[in-house]
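Peer 1: Below is the file work.csv, with CSV, C-alpha atoms.
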chain,number,residue,atom,x,y,z
K,1,MET,CA,-142.3,63.7,112.0
K,2,GLU,CA,-142.9,63.4,115.5
K,3,GLY,CA,-145.8,64.1,117.9
K,4,GLU,CA,-145.3,62.6,121.3
K,5,ALA,CA,-147.1,63.6,124.5
K,6,GLY,CA,-145.1,63.0,127.7
K,7,GLY,CA,-145.9,60.1,130.1
K,8,GLU,CA,-148.3,60.3,133.0
K,9,GLU,CA,-145.7,60.4,135.7
K,10,GLU,CA,-145.0,63.7,137.3
K,11,GLY,CA,-142.0,65.4,135.9
K,12,PRO,CA,-139.6,68.0,137.4
K,13,GLU,CA,-140.9,71.4,138.5
K,14,TYR,CA,-139.4,74.3,136.7
K,15,VAL,CA,-140.0,78.0,136.1
K,16,LEU,CA,-139.9,79.4,132.5
K,17,GLU,CA,-138.7,82.9,132.8
K,18,GLY,CA,-138.8,85.6,130.2
K,19,ASP,CA,-139.9,85.7,126.6
K,20,GLY,CA,-136.7,87.0,125.0
K,21,GLU,CA,-134.1,85.3,122.9
K,22,VAL,CA,-131.6,83.0,124.4
K,23,VAL,CA,-128.4,84.7,125.5
K,24,ALA,CA,-126.0,81.8,124.9
K,25,ASP,CA,-124.3,81.0,121.6
K,26,LEU,CA,-123.4,77.5,120.8
K,27,CYS,CA,-121.2,76.4,123.6
K,28,GLU,CA,-117.4,76.4,123.2
K,29,ASN,CA,-117.0,72.9,124.5
K,30,GLU,CA,-119.1,71.2,121.9
K,31,ALA,CA,-118.7,67.4,122.0
K,32,VAL,CA,-117.4,66.2,118.7
K,33,VAL,CA,-117.5,62.5,118.2
K,34,GLU,CA,-114.4,61.3,116.4
K,35,GLU,CA,-114.9,57.8,115.0
K,36,ASP,CA,-112.9,55.4,112.9
K,37,GLU,CA,-114.6,55.0,109.5
K,38,ASP,CA,-113.4,51.4,109.0
K,39,GLN,CA,-114.9,50.5,112.4
K,40,GLU,CA,-118.2,52.2,111.6
K,41,ALA,CA,-118.5,50.3,108.3
K,42,SER,CA,-117.9,46.8,109.9
K,43,ALA,CA,-119.4,47.0,113.4
K,44,ASP,CA,-122.8,45.8,114.2
K,45,ASP,CA,-123.9,46.3,117.8
K,46,ALA,CA,-127.5,45.1,117.3
K,47,THR,CA,-128.7,42.3,119.4
K,48,THR,CA,-131.3,41.5,116.8
K,49,VAL,CA,-131.8,42.5,113.2
K,50,LEU,CA,-135.4,42.4,111.8
K,51,ASP,CA,-134.7,41.9,108.1
K,52,VAL,CA,-138.4,41.5,107.1
K,53,HIS,CA,-139.0,44.5,104.9
K,54,GLY,CA,-138.3,44.9,101.2
K,55,GLU,CA,-138.0,48.7,101.4
K,56,ALA,CA,-137.1,51.4,103.9
K,57,VAL,CA,-138.4,51.1,107.5
K,58,TYR,CA,-140.2,54.4,108.2
K,59,ALA,CA,-141.8,53.6,111.6
K,60,VAL,CA,-140.9,51.6,114.7
K,61,ALA,CA,-142.6,51.3,118.1
K,62,TRP,CA,-142.1,49.6,121.5
K,63,SER,CA,-145.2,48.6,123.5
K,64,THR,CA,-145.8,50.3,126.9
K,65,CYS,CA,-145.9,46.8,128.5
K,66,GLY,CA,-142.5,46.1,127.1
K,67,LYS,CA,-143.4,42.8,125.5
K,68,HIS,CA,-143.7,43.8,121.8
K,69,VAL,CA,-142.0,45.8,119.1
K,70,GLY,CA,-143.3,46.9,115.8
K,71,CYS,CA,-142.0,48.1,112.5
K,72,GLY,CA,-143.6,49.4,109.2
K,73,GLY,CA,-142.1,50.4,105.9
K,74,GLY,CA,-142.2,51.4,102.3
K,75,ASP,CA,-143.3,47.9,101.3
K,76,ASP,CA,-146.8,48.7,102.7
K,77,VAL,CA,-146.4,46.0,105.4
K,78,ALA,CA,-146.1,46.3,109.2
K,79,HIS,CA,-144.7,43.6,111.5
K,80,VAL,CA,-145.1,42.9,115.2
K,81,ALA,CA,-142.7,40.7,117.2
K,82,THR,CA,-141.9,39.6,120.7
K,83,ALA,CA,-139.5,42.0,122.5
K,84,PRO,CA,-136.6,42.2,122.9
K,85,THR,CA,-135.6,39.2,120.8
K,86,ALA,CA,-138.0,40.0,117.9
K,87,ALA,CA,-139.0,36.4,117.9
K,88,ASP,CA,-141.9,35.2,115.8
K,89,PRO,CA,-142.5,38.3,113.7
K,90,LYS,CA,-146.0,38.5,112.3
K,91,ALA,CA,-146.7,40.4,109.0
K,92,MET,CA,-149.7,42.7,109.0
K,93,GLN,CA,-150.9,43.3,105.5
K,94,GLY,CA,-153.7,45.7,104.5
K,95,HIS,CA,-152.2,49.1,103.6
K,96,GLN,CA,-152.0,50.0,100.0
K,97,ASP,CA,-149.1,52.4,100.5
K,98,SER,CA,-146.2,52.9,102.8
K,99,VAL,CA,-146.7,52.4,106.6
K,100,ALA,CA,-145.5,55.8,107.8
K,101,ALA,CA,-146.5,55.7,111.5
K,102,MET,CA,-147.4,53.3,114.3
K,103,ALA,CA,-148.2,53.3,118.0
K,104,PHE,CA,-149.1,50.7,120.6
K,105,ALA,CA,-152.1,51.1,122.8
K,106,VAL,CA,-151.3,52.5,126.3
K,107,MET,CA,-153.9,50.0,127.6
K,108,GLY,CA,-154.7,46.7,126.0
K,109,GLU,CA,-153.1,44.7,123.2
K,110,GLY,CA,-153.7,46.9,120.2
K,111,LEU,CA,-151.3,48.4,117.6
K,112,ALA,CA,-152.4,51.2,115.3
K,113,THR,CA,-150.7,51.9,112.0
K,114,GLY,CA,-151.0,54.8,109.7
K,115,GLY,CA,-150.3,54.7,106.0
K,116,LEU,CA,-149.7,57.0,103.1
K,117,ASP,CA,-152.9,55.5,101.7
K,118,GLY,CA,-154.8,57.7,104.2
K,119,LEU,CA,-155.9,54.7,106.3
K,120,VAL,CA,-155.4,53.9,110.0
K,121,MET,CA,-155.6,50.2,111.0
K,122,VAL,CA,-155.8,48.5,114.4
K,123,TRP,CA,-154.1,45.1,114.9
K,124,ASP,CA,-154.1,42.5,117.6
K,125,VAL,CA,-150.5,42.2,118.7
K,126,GLN,CA,-150.8,38.5,119.7
K,127,SER,CA,-152.1,37.2,116.4
K,128,GLY,CA,-151.2,40.0,114.0
K,129,GLN,CA,-154.8,40.0,112.8
K,130,LYS,CA,-156.5,43.2,111.7
K,131,LEU,CA,-159.2,44.2,114.1
K,132,MET,CA,-160.5,47.2,112.2
K,133,GLN,CA,-159.9,49.8,109.5
K,134,LEU,CA,-160.4,53.5,110.4
K,135,ASP,CA,-161.3,55.8,107.5
K,136,GLY,CA,-161.3,59.6,107.3
K,137,PRO,CA,-158.2,61.3,105.9
K,138,ALA,CA,-158.2,62.1,102.2
K,139,GLU,CA,-154.4,62.0,102.1
K,140,GLY,CA,-151.5,60.2,103.8
K,141,VAL,CA,-151.3,59.8,107.6
K,142,GLU,CA,-148.4,61.6,109.2
K,143,TRP,CA,-148.7,60.2,112.8
K,144,VAL,CA,-150.9,58.1,115.1
K,145,CYS,CA,-151.2,57.9,118.9
K,146,TRP,CA,-153.5,56.5,121.6
K,147,HIS,CA,-155.3,58.3,124.4
K,148,PRO,CA,-153.2,57.9,127.6
K,149,ARG,CA,-156.1,56.2,129.4
K,150,GLY,CA,-158.5,54.8,126.9
K,151,ASN,CA,-159.0,52.9,123.6
K,152,VAL,CA,-159.1,56.0,121.5
K,153,VAL,CA,-156.9,56.5,118.4
K,154,LEU,CA,-155.8,59.9,117.1
K,155,ALA,CA,-154.2,60.6,113.7
K,156,GLY,CA,-153.0,63.6,111.8
K,157,ALA,CA,-153.0,63.8,108.0
K,158,GLU,CA,-151.4,65.5,105.0
K,159,ASP,CA,-154.7,67.1,104.0
K,160,GLY,CA,-154.7,69.3,107.2
K,161,SER,CA,-157.2,67.2,109.1
K,162,THR,CA,-157.0,65.2,112.4
K,163,TRP,CA,-159.2,62.3,113.3
K,164,MET,CA,-160.2,60.6,116.5
K,165,TRP,CA,-161.8,57.1,116.6
K,166,ASP,CA,-163.2,54.7,119.2
K,167,ALA,CA,-160.8,51.8,118.8
K,168,LYS,CA,-163.2,49.3,120.4
K,169,LYS,CA,-166.2,50.1,118.1
K,170,GLY,CA,-164.3,51.4,115.1
K,171,SER,CA,-166.4,54.5,115.0
K,172,LEU,CA,-165.4,58.1,114.3
K,173,MET,CA,-165.7,60.2,117.5
K,174,THR,CA,-164.5,63.6,116.2
K,175,SER,CA,-162.5,65.2,113.4
K,176,TYR,CA,-160.6,68.5,113.7
K,177,HIS,CA,-160.3,70.9,110.7
K,178,GLY,CA,-158.6,74.2,110.5
K,179,HIS,CA,-155.0,73.8,109.5
K,180,GLY,CA,-153.9,75.1,106.1
K,181,GLY,CA,-151.2,72.5,105.6
K,182,SER,CA,-150.2,69.0,106.6
K,183,VAL,CA,-150.7,68.1,110.3
K,184,THR,CA,-147.1,67.1,110.8
K,185,CYS,CA,-147.2,66.3,114.5
K,186,GLY,CA,-149.7,66.1,117.4
K,187,GLY,CA,-151.1,64.2,120.3
K,188,PHE,CA,-153.1,64.2,123.4
K,189,THR,CA,-151.9,66.1,126.4
K,190,PRO,CA,-150.6,63.7,129.1
K,191,ASP,CA,-153.7,64.3,131.2
K,192,GLY,CA,-155.9,63.4,128.2
K,193,THR,CA,-158.0,66.6,128.3
K,194,ARG,CA,-156.8,68.3,125.1
K,195,VAL,CA,-155.6,67.5,121.6
K,196,ILE,CA,-152.6,69.4,120.4
K,197,THR,CA,-151.7,69.6,116.7
K,198,ALA,CA,-149.0,71.4,114.7
K,199,SER,CA,-148.8,72.0,111.0
K,200,ALA,CA,-146.8,72.9,107.9
K,201,ASP,CA,-148.8,76.1,108.0
K,202,ALA,CA,-146.6,77.2,110.9
K,203,SER,CA,-149.5,77.0,113.4
K,204,LEU,CA,-150.2,75.1,116.6
K,205,LYS,CA,-153.8,74.5,117.7
K,206,VAL,CA,-155.4,73.3,120.9
K,207,TRP,CA,-158.6,71.4,120.6
K,208,ASP,CA,-161.4,70.2,122.8
K,209,PRO,CA,-161.3,66.4,122.1
K,210,LYS,CA,-165.1,65.9,122.7
K,211,THR,CA,-166.5,68.8,120.7
K,212,GLY,CA,-163.8,69.3,118.1
K,213,ALA,CA,-163.7,73.0,118.9
K,214,CYS,CA,-160.5,74.9,118.5
K,215,LEU,CA,-159.7,76.5,121.8
K,216,LEU,CA,-156.4,78.3,120.9
K,217,THR,CA,-154.3,79.0,117.8
K,218,LEU,CA,-150.6,80.1,117.9
K,219,GLN,CA,-149.2,81.2,114.5
K,220,ARG,CA,-146.6,83.5,113.0
K,221,ASN,CA,-144.9,86.3,114.9
K,222,PRO,CA,-143.9,85.8,117.7
K,223,PHE,CA,-144.4,82.1,117.2
K,224,HIS,CA,-143.1,80.2,114.1
K,225,ASP,CA,-143.0,81.7,110.6
K,226,GLU,CA,-142.4,78.4,108.8
K,227,ALA,CA,-143.6,74.8,108.9
K,228,ILE,CA,-143.4,73.0,112.2
K,229,ASN,CA,-141.7,69.7,112.2
K,230,ALA,CA,-141.6,68.6,115.8
K,231,LEU,CA,-143.7,68.8,119.0
K,232,HIS,CA,-143.5,67.6,122.5
K,233,ILE,CA,-145.9,68.3,125.4
K,234,SER,CA,-144.7,68.8,129.0
K,235,GLN,CA,-145.8,66.2,131.6
K,236,ASP,CA,-147.9,68.8,133.4
K,237,SER,CA,-149.9,69.3,130.1
K,238,ASN,CA,-149.2,73.1,130.2
K,239,VAL,CA,-146.3,73.7,127.9
K,240,THR,CA,-145.4,72.8,124.3
K,241,LEU,CA,-141.9,72.6,122.7
K,242,THR,CA,-141.9,73.0,119.0
K,243,GLY,CA,-139.3,73.0,116.2
K,244,ALA,CA,-139.6,74.4,112.7
K,245,VAL,CA,-137.9,74.1,109.3
K,246,ASP,CA,-136.2,77.5,109.7
K,247,GLY,CA,-134.3,76.3,112.8
K,248,THR,CA,-136.5,78.1,115.3
K,249,VAL,CA,-137.6,76.5,118.6
K,250,ARG,CA,-140.5,77.9,120.7
K,251,LEU,CA,-141.9,77.2,124.2
K,252,ALA,CA,-145.5,78.2,124.7
K,253,ASN,CA,-148.1,77.9,127.4
K,254,ILE,CA,-151.1,76.2,125.9
K,255,GLN,CA,-153.4,77.2,128.7
K,256,THR,CA,-152.8,81.0,128.2
K,257,GLY,CA,-151.4,81.1,124.7
K,258,ARG,CA,-148.4,83.0,126.0
K,259,LEU,CA,-145.0,82.6,124.3
K,260,LEU,CA,-142.6,81.6,127.0
K,261,GLY,CA,-139.3,81.5,125.1
K,262,LYS,CA,-137.4,81.5,121.9
K,263,LEU,CA,-134.5,79.0,121.8
K,264,GLU,CA,-132.1,80.3,119.2
K,265,GLY,CA,-129.1,78.4,117.9
K,266,HIS,CA,-130.0,76.0,115.2
K,267,THR,CA,-128.9,76.9,111.7
K,268,ASP,CA,-131.1,74.4,109.8
K,269,SER,CA,-134.4,72.6,110.1
K,270,VAL,CA,-135.2,71.3,113.6
K,271,GLU,CA,-136.4,67.7,113.2
K,272,THR,CA,-136.9,66.5,116.8
K,273,VAL,CA,-137.5,68.0,120.3
K,274,GLY,CA,-138.2,66.6,123.8
K,275,PHE,CA,-138.5,67.5,127.5
K,276,SER,CA,-136.5,65.7,130.1
K,277,ASN,CA,-138.4,63.6,132.6
K,278,THR,CA,-135.8,64.1,135.3
K,279,LEU,CA,-134.3,67.6,135.1
K,280,PRO,CA,-135.5,71.1,134.0
K,281,LEU,CA,-134.0,70.6,130.5
K,282,CYS,CA,-135.2,70.1,127.0
K,283,ALA,CA,-133.4,68.9,123.9
K,284,THR,CA,-133.5,69.7,120.2
K,285,GLY,CA,-131.9,68.2,117.1
K,286,GLY,CA,-131.8,69.0,113.4
K,287,LEU,CA,-130.4,69.0,110.0
K,288,ASP,CA,-127.4,71.2,111.2
K,289,ASN,CA,-126.0,68.0,112.7
K,290,LYS,CA,-126.5,69.3,116.3
K,291,LEU,CA,-128.1,68.1,119.5
K,292,SER,CA,-128.7,71.0,121.7
K,293,ILE,CA,-129.6,70.9,125.4
K,294,TRP,CA,-131.4,73.9,126.9
K,295,ASP,CA,-131.9,75.0,130.5
K,296,LEU,CA,-135.7,75.7,131.0
K,297,ASN,CA,-135.1,77.9,134.1
K,298,THR,CA,-132.9,80.4,132.2
K,299,LEU,CA,-133.8,79.7,128.6
K,300,THR,CA,-130.1,79.4,127.8
K,301,LEU,CA,-128.1,76.8,125.9
K,302,ARG,CA,-126.5,74.4,128.3
K,303,GLY,CA,-124.5,72.6,125.6
K,304,SER,CA,-124.5,71.2,122.1
K,305,ALA,CA,-123.1,68.0,120.5
K,306,GLU,CA,-121.9,67.8,116.9
K,307,HIS,CA,-122.9,64.7,114.8
K,308,PRO,CA,-121.4,63.5,111.6
K,309,ASP,CA,-124.8,64.0,109.9
K,310,SER,CA,-128.4,65.2,110.5
K,311,VAL,CA,-130.0,64.4,113.8
K,312,ILE,CA,-133.3,62.7,112.8
K,313,LYS,CA,-134.8,61.8,116.2
K,314,LEU,CA,-134.0,62.2,119.9
K,315,LEU,CA,-135.5,60.5,122.9
K,316,TRP,CA,-134.8,61.1,126.6
K,317,HIS,CA,-134.1,58.2,128.9
K,318,PRO,CA,-137.2,57.9,131.1
K,319,GLN,CA,-135.3,57.7,134.4
K,320,GLU,CA,-131.9,59.3,133.8
K,321,PRO,CA,-130.6,62.6,132.3
K,322,LEU,CA,-129.5,60.9,129.1
K,323,VAL,CA,-130.5,61.5,125.5
K,324,TYR,CA,-130.5,59.0,122.6
K,325,THR,CA,-130.0,60.4,119.2
K,326,ALA,CA,-130.7,58.7,115.8
K,327,CYS,CA,-128.5,60.0,113.1
K,328,ALA,CA,-128.5,60.0,109.3
K,329,ASP,CA,-125.1,58.4,109.4
K,330,GLY,CA,-126.8,55.2,110.6
K,331,ALA,CA,-125.7,55.3,114.3
K,332,VAL,CA,-127.5,55.8,117.6
K,333,ARG,CA,-125.6,57.8,120.2
K,334,LEU,CA,-126.2,58.1,123.9
K,335,TRP,CA,-125.4,61.4,125.5
K,336,ASP,CA,-125.1,62.6,129.1
K,337,ALA,CA,-127.1,65.9,129.1
K,338,ARG,CA,-125.1,67.2,132.1
K,339,THR,CA,-121.7,66.9,130.5
K,340,MET,CA,-122.5,66.6,126.8
K,341,GLU,CA,-120.3,63.5,126.7
K,342,CYS,CA,-121.1,60.7,124.3
K,343,ILE,CA,-121.1,57.7,126.5
K,344,GLN,CA,-122.2,55.0,124.0
K,345,VAL,CA,-122.5,54.5,120.2
K,346,PHE,CA,-124.7,51.8,118.6
K,347,ARG,CA,-123.7,50.9,115.1
K,348,GLY,CA,-125.1,48.5,112.5
K,349,HIS,CA,-127.2,50.4,110.0
K,350,VAL,CA,-125.6,51.1,106.7
K,351,ASP,CA,-128.0,54.0,105.8
K,352,ALA,CA,-129.9,56.7,107.5
K,353,ILE,CA,-132.0,56.0,110.6
K,354,LEU,CA,-135.6,57.1,110.0
K,355,ASP,CA,-137.3,56.4,113.3
K,356,MET,CA,-136.4,55.2,116.8
K,357,ALA,CA,-138.3,54.0,119.9
K,358,LEU,CA,-137.3,52.9,123.4
K,359,SER,CA,-138.4,50.2,125.8
K,360,PRO,CA,-140.3,51.4,128.8
K,361,ASP,CA,-137.2,51.2,131.0
K,362,GLY,CA,-135.1,53.0,128.4
K,363,GLU,CA,-132.5,50.2,128.2
K,364,TRP,CA,-133.4,48.9,124.8
K,365,ILE,CA,-133.6,50.7,121.5
K,366,ILE,CA,-135.4,49.8,118.2
K,367,THR,CA,-134.5,51.7,115.0
K,368,GLY,CA,-135.8,51.7,111.5
K,369,SER,CA,-133.6,52.6,108.6
K,370,ASP,CA,-133.3,53.4,104.9
K,371,ASP,CA,-131.3,50.2,104.7
K,372,CYS,CA,-134.6,48.2,104.9
K,373,THR,CA,-133.9,46.8,108.3
K,374,ALA,CA,-135.1,47.4,111.9
K,375,ARG,CA,-132.5,46.8,114.6
K,376,ILE,CA,-132.6,46.3,118.3
K,377,PHE,CA,-129.8,47.5,120.5
K,378,CYS,CA,-129.2,47.1,124.3
K,379,ARG,CA,-127.7,49.8,126.4
K,380,SER,CA,-126.2,47.4,129.0
K,381,ALA,CA,-125.3,43.8,129.5
K,382,SER,CA,-127.5,43.7,132.7
K,383,ALA,CA,-130.5,44.5,130.6
K,384,MET,CA,-129.7,41.7,128.2
K,385,ASP,CA,-129.8,39.2,131.1
K,386,THR,CA,-133.3,40.1,132.1
Re-express the file's structure as structure tokens.

Peer 2:
Amino acid sequence: MEGEAGGEEEGPEYVLEGDGEVVADLCENEAVVEEDEDQEASADDATTVLDVHGEAVYAVAWSTCGKHVGCGGGDDVAHVATAPTAADPKAMQGHQDSVAAMAFAVMGEGLATGGLDGLVMVWDVQSGQKLMQLDGPAEGVEWVCWHPRGNVVLAGAEDGSTWMWDAKKGSLMTSYHGHGGSVTCGGFTPDGTRVITASADASLKVWDPKTGACLLTLQRNPFHDEAINALHISQDSNVTLTGAVDGTVRLANIQTGRLLGKLEGHTDSVETVGFSNTLPLCATGGLDNKLSIWDLNTLTLRGSAEHPDSVIKLLWHPQEPLVYTACADGAVRLWDARTMECIQVFRGHVDAILDMALSPDGEWIITGSDDCTARIFCRSASAMDT
């Protein structure tokens, strides 16, 4: 599951109008990617293959400085390597169950991993040595992230709790309790002043990070009625975009608690969502094999793109109106959000992609797959020469 806060750079200004349902059906000019099956089976566009795991690779990450990549999997091991060549991979052993989540520190040289053993660990990316173990959750860790401007780690767990630690001292700062189901996604707002969590109990909560007090809860009608899978927070720290297992998508103002819009169109679970950094658009993807692009000014569907299989994760390019999608068919696709044209396909995996991350410039992609490998792809030849 995903829980990403937007970056600190200012995004586009846009007006969210109305709170009614979207008026557009799935657009008539859906982009359908027609690909040769034999070519898919044999092609490998990866510049590097990290074949260091004995089981599925559940989590990947790219450091904010651009110098390191990480991957973790069902063999209970995480690895860190030099980017983009993945040279000198270092195994980081300590978890007693699958490594399900990871994130690099925004500042410093730390990498946090979260396991299904309920543990969060912080590692030195240069040496691969464990710096500390952070205890708290009674069940598996769903996601981890760092404060946008400090050495603070946040993690959500299957037991309905969220925990925040001082990553320098290794001490617990605050824990957040109140969800009635797994905390499937969450994170800090980009300005760092709030913690946002969403849960399998169909609720979204806004927390004071210092006191642990719940400041706002959104749940049930007119919000979501079923488990929330995906969350993204706008760069101005005011709006959340959420997707749920029943195919619903919601926009909400987390300052006022007002529902801003219902984006209707998906026919199966929405697995991934994201705001554009460059245009007043957002994107959603799900088990109905669709990527959908929405206009935030009108709350209407701008376009949709059919995939051969489920859309597991999407990521916007940080500087251009382009969207990467990771698909259960093992391919990554790059889409122009203005035209819904698929402008590039990255093949190589022979099983479903489970996670994806981008380099800071958006030109490199790392993926983790059920085929037990992590792969690195490059968008352009110019990026390979840098």

Peer 1: Would you kindly return, as a VMD selection string, each protein, DNA or RNA residue with an atom no farther than 8 Å from any atom of K:Glu55, considering only C-alpha atoms and excluding same-chain residues fewer than 5 positions away?

Peer 2: chain K and resid 73 to 75 370 to 372

Peer 1: Residues near K:Pro148, anyone? I mean within 7 Å using all atoms listed in the file, not counting same-chain ones fewer than 4 positions away, as a PyMOL selection string.

Peer 2: chain K and resi 106+190+192

Peer 1: Would you list the contacts of stretch 237-251 of chain K as JSON, numbers by chain, taking every protein, DNA or RNA residue within 7 Å and counting only C-alpha atoms, but skipping same-chain residues closer than 5 positions in sequence?

Peer 2: {"K": [189, 190, 191, 223, 224, 226, 227, 228, 229, 230, 231, 232, 259, 260, 261, 262, 263, 264, 266, 267, 268, 269, 270, 271, 272, 273]}

Peer 1: Can you tell me which residues surround K:Ile254 at a distance of at most 10 Å, considering only C-alpha atoms, apart from same-chain residues fewer than 6 positions away, and format the answer as a ChimeraX atom specification?

Peer 2: /K:194,196,204-206,215-218,233,237-240

Peer 1: Which one is closest to K:Met107: K:Ala43, K:Val195, K:Val153, K:Leu287? Count only C-alpha atoms.

Peer 2: K:Val153

Peer 1: Measure the distance from atom CA of K:Arg375 to atom CA of K:Val49 in Å and round it to one decimal.

Peer 2: 4.6 Å

Peer 1: Would you mind telling me which residue in K:Cys214, K:Val57, K:Val125, K:Leu50 lies nearest to K:Thr85 when using all atoms listed in the file?

Peer 2: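 So, comparing all the options, the nearest one is K:Leu50.
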
Peer 1: Just the residues within 6 Å of K:Ser359, please, counting only C-alpha atoms, with nothing from its chain fewer than 5 positions along; format it as an MDAnalysis selection string.

Peer 2: chainID K and resid 62 66 364

Peer 1: Those residues you just picked out, can you put them in a file as a PDB file, keeping the file's coordinate frame with C-alpha atoms?

Peer 2:
ATOM      1  CA  TRP K  62    -142.100  49.600 121.500  1.00  0.00           C
ATOM      2  CA  GLY K  66    -142.500  46.100 127.100  1.00  0.00           C
ATOM      3  CA  TRP K 364    -133.400  48.900 124.800  1.00  0.00           C
TER       4      TRP K 364
END

Peer 1: Interatomic distance between atom CA of K:Ser171 and atom CA of K:Leu134?

Peer 2: 7.6 Å

Peer 1: For stretch 201-297 of chain K versus stretch 306-317 of chain K, which residues have an atom no more than 8 Å away, and what is each residue's nearest atom pair and distance in Å rounded to one decimal, using all atoms listed in the file, chain-then-number order, as a Markdown table?

Peer 2:
| residue | atom | partner | partner_atom | distance |
| --- | --- | --- | --- | --- |
| K:Glu271 | CA | K:Ile312 | CA | 5.9 |
| K:Thr272 | CA | K:Lys313 | CA | 5.2 |
| K:Val273 | CA | K:Leu314 | CA | 6.8 |
| K:Gly274 | CA | K:Leu315 | CA | 6.7 |
| K:Phe275 | CA | K:Trp316 | CA | 7.4 |
| K:Ser276 | CA | K:Trp316 | CA | 6.0 |
| K:Asn277 | CA | K:Trp316 | CA | 7.4 |
| K:Ala283 | CA | K:Leu314 | CA | 7.8 |
| K:Thr284 | CA | K:Leu314 | CA | 7.5 |
| K:Gly285 | CA | K:Val311 | CA | 5.4 |
| K:Gly286 | CA | K:Val311 | CA | 5.0 |
| K:Leu287 | CA | K:Ser310 | CA | 4.3 |
| K:Asp288 | CA | K:Ser310 | CA | 6.1 |
| K:Asn289 | CA | K:Ser310 | CA | 4.3 |
| K:Lys290 | CA | K:Glu306 | CA | 4.9 |
| K:Leu291 | CA | K:Glu306 | CA | 6.7 |

Peer 1: Can you measure atom CA of K:Arg258 to atom CA of K:Val183 for me? One decimal in Å is fine.

Peer 2: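 These two atoms are separated by 21.8 Å.
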